[in-house]
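Raw contents of model.txt, compact mmCIF, C-alpha atoms:
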# COMPACT_ATOMS: atom_id res chain seq x y z
CA MET F 1 -13.78 3.04 14.52
CA ARG F 2 -14.75 -0.34 13.10
CA LEU F 3 -15.73 1.23 9.80
CA ALA F 4 -12.38 3.03 9.50
CA ARG F 5 -10.52 -0.21 10.26
CA GLY F 6 -12.59 -2.11 7.72
CA VAL F 7 -12.05 0.40 4.95
CA SER F 8 -8.36 0.75 5.75
CA GLY F 9 -8.09 -3.05 5.66
CA MET F 10 -9.45 -3.04 2.12
CA VAL F 11 -7.05 -0.25 1.15
CA ALA F 12 -4.15 -2.16 2.73
CA ALA F 13 -5.09 -5.34 0.84
CA GLY F 14 -5.31 -3.38 -2.40
CA THR F 15 -1.91 -1.83 -1.79
CA VAL F 16 -0.34 -5.24 -1.21
CA VAL F 17 -1.95 -6.65 -4.37
CA LEU F 18 -0.76 -3.62 -6.33
CA ALA F 19 2.79 -4.15 -5.03
CA LEU F 20 2.67 -7.81 -6.06
CA VAL F 21 1.49 -6.85 -9.55
CA VAL F 22 4.27 -4.28 -9.94
CA VAL F 23 6.92 -6.76 -8.77
CA ALA F 24 5.57 -9.47 -11.09
CA THR F 25 5.50 -7.00 -13.99
CA ALA F 26 9.10 -6.04 -13.34
CA ILE F 27 10.17 -9.69 -13.26
CA ILE F 28 8.25 -10.65 -16.39
CA GLY F 29 9.48 -7.56 -18.22
CA ALA F 30 13.09 -8.35 -17.35
CA GLN F 31 12.75 -11.98 -18.44
CA ARG F 32 11.17 -11.10 -21.78
CA GLY F 33 13.27 -8.05 -22.56
CA PHE F 34 10.40 -5.57 -22.34
CA PRO F 35 10.55 -2.32 -20.40
CA GLY F 36 8.73 -2.49 -17.12
CA PRO F 37 8.58 -0.58 -13.88
CA GLY F 38 12.00 0.49 -12.71
CA GLY F 39 13.69 -0.26 -9.44
CA GLU F 40 12.47 2.98 -7.89
CA SER F 41 8.84 2.14 -8.58
CA VAL F 42 9.24 -1.39 -7.23
CA THR F 43 10.90 -0.03 -4.10
CA TRP F 44 8.09 2.51 -3.55
CA HIS F 45 5.43 -0.18 -3.89
CA VAL F 46 7.12 -2.77 -1.68
CA THR F 47 7.94 -0.21 1.02
CA SER F 48 4.41 1.18 0.98
CA ALA F 49 2.95 -2.33 1.21
CA ALA F 50 5.11 -3.08 4.26
CA ILE F 51 4.08 0.19 5.94
CA VAL F 52 0.35 -0.29 5.34
CA LEU F 53 0.49 -3.90 6.54
CA ALA F 54 2.21 -2.87 9.76
CA ALA F 55 -0.20 0.02 10.29
CA GLN F 56 -3.22 -2.19 9.63
CA VAL F 57 -2.05 -4.86 12.07
CA TYR F 58 -1.51 -2.11 14.65
CA SER F 59 -4.96 -0.69 13.96
CA ASP F 60 -6.59 -4.11 14.27
CA ARG F 61 -4.94 -4.83 17.62
CA HIS F 62 -5.81 -1.52 19.28
CA LYS F 63 -8.96 0.43 20.06
CA GLY F 64 -10.08 4.03 19.96
CA LEU F 65 -7.76 6.77 18.80
CA ALA F 66 -4.84 4.36 18.41
CA ALA F 67 -6.84 2.25 15.96
CA PHE F 68 -7.93 5.32 14.06
CA SER F 69 -4.36 6.60 13.82
CA GLY F 70 -3.25 3.26 12.36
CA SER F 71 -6.02 3.51 9.78
CA LEU F 72 -4.97 7.07 9.00
CA VAL F 73 -1.41 5.89 8.32
CA VAL F 74 -2.82 3.33 5.87
CA PHE F 75 -4.83 5.99 4.03
CA LEU F 76 -1.98 8.50 3.91
CA THR F 77 0.60 5.95 2.76
CA ALA F 78 -1.65 4.53 0.04
CA GLY F 79 -2.54 8.06 -1.08
CA ALA F 80 1.12 9.07 -1.24
CA LEU F 81 1.94 5.94 -3.25
CA LEU F 82 -0.85 6.55 -5.74
CA TRP F 83 -0.01 10.23 -6.05
CA THR F 84 3.73 9.82 -6.55
CA GLN F 85 3.78 6.66 -8.67
CA TRP F 86 0.56 6.72 -10.66
CA TRP F 87 -0.90 10.23 -10.97
CA SER F 88 2.04 12.58 -11.25
What is this file in structure tokens?
Amino acid sequence: MRLARGVSGMVAAGTVVLALVVVATAIIGAQRGFPGPGGESVTWHVTSAAIVLAAQVYSDRHKGLAAFSGSLVVFLTAGALLWTQWWS
């Protein structure tokens, strides 16, 4: 289970960084008059980052199946974010 928690921690960190980049891009785009990510995309990224952070904290504080389920939530949430906002 340690491996799953470690990998999901990296995925969670990447999701948070991605959300920060999208928010910063939206702010910079608005200030300079360039099109950037819309409100829907920013909302998706911020919400997903909050979910993966909560799931990762849960996973880190529990053991066994509970820890694995928290890691699974991280993977599924990050996958859904990438699929809906980047690939389709």
Determine, counting only C-alpha atoms, which protein, DNA and RNA residues have an atom within 7 Å of an atom of stretch 72-74 of chain F; residues of the same chain fewer than 6 positions away are not included. Present the result as a PDB file with C-alpha atoms, in the frame of the given file.
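This went into selection-v1.pdb:
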ATOM      1  CA  SER F   8      -8.360   0.750   5.750  1.00  0.00           C
ATOM      2  CA  ALA F  12      -4.150  -2.160   2.730  1.00  0.00           C
ATOM      3  CA  VAL F  52       0.350  -0.290   5.340  1.00  0.00           C
ATOM      4  CA  ALA F  55      -0.200   0.020  10.290  1.00  0.00           C
ATOM      5  CA  GLN F  56      -3.220  -2.190   9.630  1.00  0.00           C
TER       6      GLN F  56
END
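Shortest separation to F:Leu82 among F:Ala26, F:Leu65, F:Ala49, F:Val7 occurs at residue F:Ala49, atoms counted being only C-alpha atoms.
Between atom CA of F:Gly79 and atom CA of F:Lys63 the interatomic distance comes to 23.4 Å.
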| What does the distance between atom CA of F:His62 and atom CA of F:Val46 come to in Å, to one decimal place? |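 Atom CA of F:Val46 lies at a distance of 24.7 Å from atom CA of F:His62.
Note that the spacing between atom CA of F:Ala67 and atom CA of F:Ala13 amounts to 17.0 Å.
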| field | Contact residues around F:Ala19 with only C-alpha atoms at 9 Å, ignoring same-chain residues under 6 positions, as an MDAnalysis selection string | value | chainID F and resid 42 44:49
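In this comparison, which uses all atoms listed in the file, the residue of F:Gly38, F:Leu53, F:Ser69, F:Gln85 approaching F:Val11 most closely is F:Leu53.
Restricting the calculation to all atoms listed in the file, the smallest distance between F:Thr77 and any of F:Ile27, F:Ala50, F:Val57, F:Leu18 is found for F:Ala50.
Minimum atom-to-atom distances from F:Pro35, F:Leu76, F:Leu81, F:Ser59 to F:Gly6 were compared using only C-alpha atoms, and the lowest value belongs to F:Ser59.
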| task | Would you mind telling me which residue in F:Ser88, F:Ser41, F:Gly70, F:Ala80 lies nearest to F:Ala54 when using only C-alpha atoms? | result |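 Looking only at the distances to F:Ala54, the closest residue turns out to be F:Gly70.
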Kindly compute an axis-aligned box around the listed atoms of stretch 15-23 of chain F, allowing 3 Å on each side, and express its centre and edge lengths in Å to one decimal as JSON.
{"center_x": 2.5, "center_y": -4.8, "center_z": -5.6, "size_x": 14.9, "size_y": 12.0, "size_z": 14.7}
| task | Considering all atoms listed in the file, return as a VMD selection string whatever protein or nucleic-acid residues lie within 10 Å of F:Leu3, sequence-local ones (same chain, fewer than 5 positions apart) excluded. | result | chain F and resid 8 to 9 68 71
| Nearest-residue call for F:Val22, choices F:Thr43, F:Trp83, F:Arg5, F:Met10, using only C-alpha atoms | F:Thr43
Any chance you could build stretch 75-86 of chain F out to all heavy atoms and write it as a PDB file, in the coordinates of the input?
ATOM      1  N   PHE F  75      -4.275   5.102   5.053  1.00  0.00           N
ATOM      2  CA  PHE F  75      -4.830   5.990   4.030  1.00  0.00           C
ATOM      3  C   PHE F  75      -3.785   6.953   3.480  1.00  0.00           C
ATOM      4  O   PHE F  75      -3.697   7.163   2.266  1.00  0.00           O
ATOM      5  CB  PHE F  75      -6.019   6.786   4.583  1.00  0.00           C
ATOM      6  CG  PHE F  75      -7.203   5.936   4.942  1.00  0.00           C
ATOM      7  CD1 PHE F  75      -7.857   6.119   6.144  1.00  0.00           C
ATOM      8  CD2 PHE F  75      -7.666   4.946   4.094  1.00  0.00           C
ATOM      9  CE1 PHE F  75      -8.951   5.343   6.489  1.00  0.00           C
ATOM     10  CE2 PHE F  75      -8.760   4.164   4.424  1.00  0.00           C
ATOM     11  CZ  PHE F  75      -9.410   4.362   5.628  1.00  0.00           C
ATOM     12  N   LEU F  76      -2.991   7.529   4.355  1.00  0.00           N
ATOM     13  CA  LEU F  76      -1.980   8.500   3.910  1.00  0.00           C
ATOM     14  C   LEU F  76      -0.878   7.829   3.083  1.00  0.00           C
ATOM     15  O   LEU F  76      -0.435   8.382   2.070  1.00  0.00           O
ATOM     16  CB  LEU F  76      -1.380   9.223   5.112  1.00  0.00           C
ATOM     17  CG  LEU F  76      -2.321  10.161   5.863  1.00  0.00           C
ATOM     18  CD1 LEU F  76      -1.636  10.722   7.109  1.00  0.00           C
ATOM     19  CD2 LEU F  76      -2.801  11.284   4.961  1.00  0.00           C
ATOM     20  N   THR F  77      -0.451   6.658   3.492  1.00  0.00           N
ATOM     21  CA  THR F  77       0.600   5.950   2.760  1.00  0.00           C
ATOM     22  C   THR F  77       0.112   5.515   1.381  1.00  0.00           C
ATOM     23  O   THR F  77       0.807   5.691   0.380  1.00  0.00           O
ATOM     24  CB  THR F  77       1.094   4.734   3.561  1.00  0.00           C
ATOM     25  OG1 THR F  77       1.546   5.171   4.840  1.00  0.00           O
ATOM     26  CG2 THR F  77       2.214   4.017   2.830  1.00  0.00           C
ATOM     27  N   ALA F  78      -1.097   4.952   1.339  1.00  0.00           N
ATOM     28  CA  ALA F  78      -1.650   4.530   0.040  1.00  0.00           C
ATOM     29  C   ALA F  78      -1.873   5.742  -0.859  1.00  0.00           C
ATOM     30  O   ALA F  78      -1.601   5.684  -2.065  1.00  0.00           O
ATOM     31  CB  ALA F  78      -2.960   3.776   0.254  1.00  0.00           C
ATOM     32  N   GLY F  79      -2.345   6.838  -0.289  1.00  0.00           N
ATOM     33  CA  GLY F  79      -2.540   8.060  -1.080  1.00  0.00           C
ATOM     34  C   GLY F  79      -1.229   8.598  -1.619  1.00  0.00           C
ATOM     35  O   GLY F  79      -1.148   9.011  -2.782  1.00  0.00           O
ATOM     36  N   ALA F  80      -0.203   8.588  -0.783  1.00  0.00           N
ATOM     37  CA  ALA F  80       1.120   9.070  -1.240  1.00  0.00           C
ATOM     38  C   ALA F  80       1.663   8.176  -2.345  1.00  0.00           C
ATOM     39  O   ALA F  80       2.239   8.664  -3.324  1.00  0.00           O
ATOM     40  CB  ALA F  80       2.085   9.110  -0.057  1.00  0.00           C
ATOM     41  N   LEU F  81       1.475   6.863  -2.206  1.00  0.00           N
ATOM     42  CA  LEU F  81       1.940   5.940  -3.250  1.00  0.00           C
ATOM     43  C   LEU F  81       1.214   6.201  -4.562  1.00  0.00           C
ATOM     44  O   LEU F  81       1.852   6.306  -5.616  1.00  0.00           O
ATOM     45  CB  LEU F  81       1.700   4.489  -2.817  1.00  0.00           C
ATOM     46  CG  LEU F  81       2.008   3.431  -3.882  1.00  0.00           C
ATOM     47  CD1 LEU F  81       3.512   3.374  -4.140  1.00  0.00           C
ATOM     48  CD2 LEU F  81       1.481   2.085  -3.450  1.00  0.00           C
ATOM     49  N   LEU F  82      -0.096   6.304  -4.513  1.00  0.00           N
ATOM     50  CA  LEU F  82      -0.850   6.550  -5.740  1.00  0.00           C
ATOM     51  C   LEU F  82      -0.492   7.895  -6.356  1.00  0.00           C
ATOM     52  O   LEU F  82      -0.366   8.022  -7.574  1.00  0.00           O
ATOM     53  CB  LEU F  82      -2.352   6.470  -5.456  1.00  0.00           C
ATOM     54  CG  LEU F  82      -2.871   5.073  -5.125  1.00  0.00           C
ATOM     55  CD1 LEU F  82      -4.340   5.146  -4.744  1.00  0.00           C
ATOM     56  CD2 LEU F  82      -2.666   4.127  -6.282  1.00  0.00           C
ATOM     57  N   TRP F  83      -0.323   8.897  -5.526  1.00  0.00           N
ATOM     58  CA  TRP F  83      -0.010  10.230  -6.050  1.00  0.00           C
ATOM     59  C   TRP F  83       1.379  10.253  -6.711  1.00  0.00           C
ATOM     60  O   TRP F  83       1.536  10.779  -7.806  1.00  0.00           O
ATOM     61  CB  TRP F  83      -0.088  11.264  -4.932  1.00  0.00           C
ATOM     62  CG  TRP F  83       0.168  12.642  -5.451  1.00  0.00           C
ATOM     63  CD1 TRP F  83       1.343  13.327  -5.403  1.00  0.00           C
ATOM     64  CD2 TRP F  83      -0.759  13.477  -6.130  1.00  0.00           C
ATOM     65  NE1 TRP F  83       1.202  14.541  -6.014  1.00  0.00           N
ATOM     66  CE2 TRP F  83      -0.092  14.663  -6.461  1.00  0.00           C
ATOM     67  CE3 TRP F  83      -2.093  13.343  -6.478  1.00  0.00           C
ATOM     68  CZ2 TRP F  83      -0.708  15.696  -7.130  1.00  0.00           C
ATOM     69  CZ3 TRP F  83      -2.707  14.374  -7.133  1.00  0.00           C
ATOM     70  CH2 TRP F  83      -2.020  15.536  -7.456  1.00  0.00           C
ATOM     71  N   THR F  84       2.369   9.700  -6.040  1.00  0.00           N
ATOM     72  CA  THR F  84       3.730   9.820  -6.550  1.00  0.00           C
ATOM     73  C   THR F  84       4.042   8.840  -7.678  1.00  0.00           C
ATOM     74  O   THR F  84       4.868   9.135  -8.538  1.00  0.00           O
ATOM     75  CB  THR F  84       4.770   9.604  -5.428  1.00  0.00           C
ATOM     76  OG1 THR F  84       4.583   8.296  -4.845  1.00  0.00           O
ATOM     77  CG2 THR F  84       4.651  10.668  -4.365  1.00  0.00           C
ATOM     78  N   GLN F  85       3.420   7.665  -7.689  1.00  0.00           N
ATOM     79  CA  GLN F  85       3.780   6.660  -8.670  1.00  0.00           C
ATOM     80  C   GLN F  85       2.776   6.475  -9.798  1.00  0.00           C
ATOM     81  O   GLN F  85       3.110   5.884 -10.821  1.00  0.00           O
ATOM     82  CB  GLN F  85       3.981   5.303  -7.972  1.00  0.00           C
ATOM     83  CG  GLN F  85       5.092   5.309  -6.962  1.00  0.00           C
ATOM     84  CD  GLN F  85       6.425   5.673  -7.585  1.00  0.00           C
ATOM     85  OE1 GLN F  85       6.851   5.048  -8.553  1.00  0.00           O
ATOM     86  NE2 GLN F  85       7.084   6.680  -7.049  1.00  0.00           N
ATOM     87  N   TRP F  86       1.579   6.962  -9.646  1.00  0.00           N
ATOM     88  CA  TRP F  86       0.560   6.720 -10.660  1.00  0.00           C
ATOM     89  C   TRP F  86      -0.024   7.992 -11.255  1.00  0.00           C
ATOM     90  O   TRP F  86      -0.379   8.021 -12.422  1.00  0.00           O
ATOM     91  CB  TRP F  86      -0.572   5.852 -10.085  1.00  0.00           C
ATOM     92  CG  TRP F  86      -0.120   4.461  -9.812  1.00  0.00           C
ATOM     93  CD1 TRP F  86       0.403   3.979  -8.652  1.00  0.00           C
ATOM     94  CD2 TRP F  86      -0.092   3.369 -10.726  1.00  0.00           C
ATOM     95  NE1 TRP F  86       0.737   2.661  -8.789  1.00  0.00           N
ATOM     96  CE2 TRP F  86       0.426   2.257 -10.053  1.00  0.00           C
ATOM     97  CE3 TRP F  86      -0.475   3.218 -12.058  1.00  0.00           C
ATOM     98  CZ2 TRP F  86       0.586   1.013 -10.656  1.00  0.00           C
ATOM     99  CZ3 TRP F  86      -0.336   1.971 -12.651  1.00  0.00           C
ATOM    100  CH2 TRP F  86       0.210   0.900 -11.947  1.00  0.00           C
TER     101      TRP F  86
END
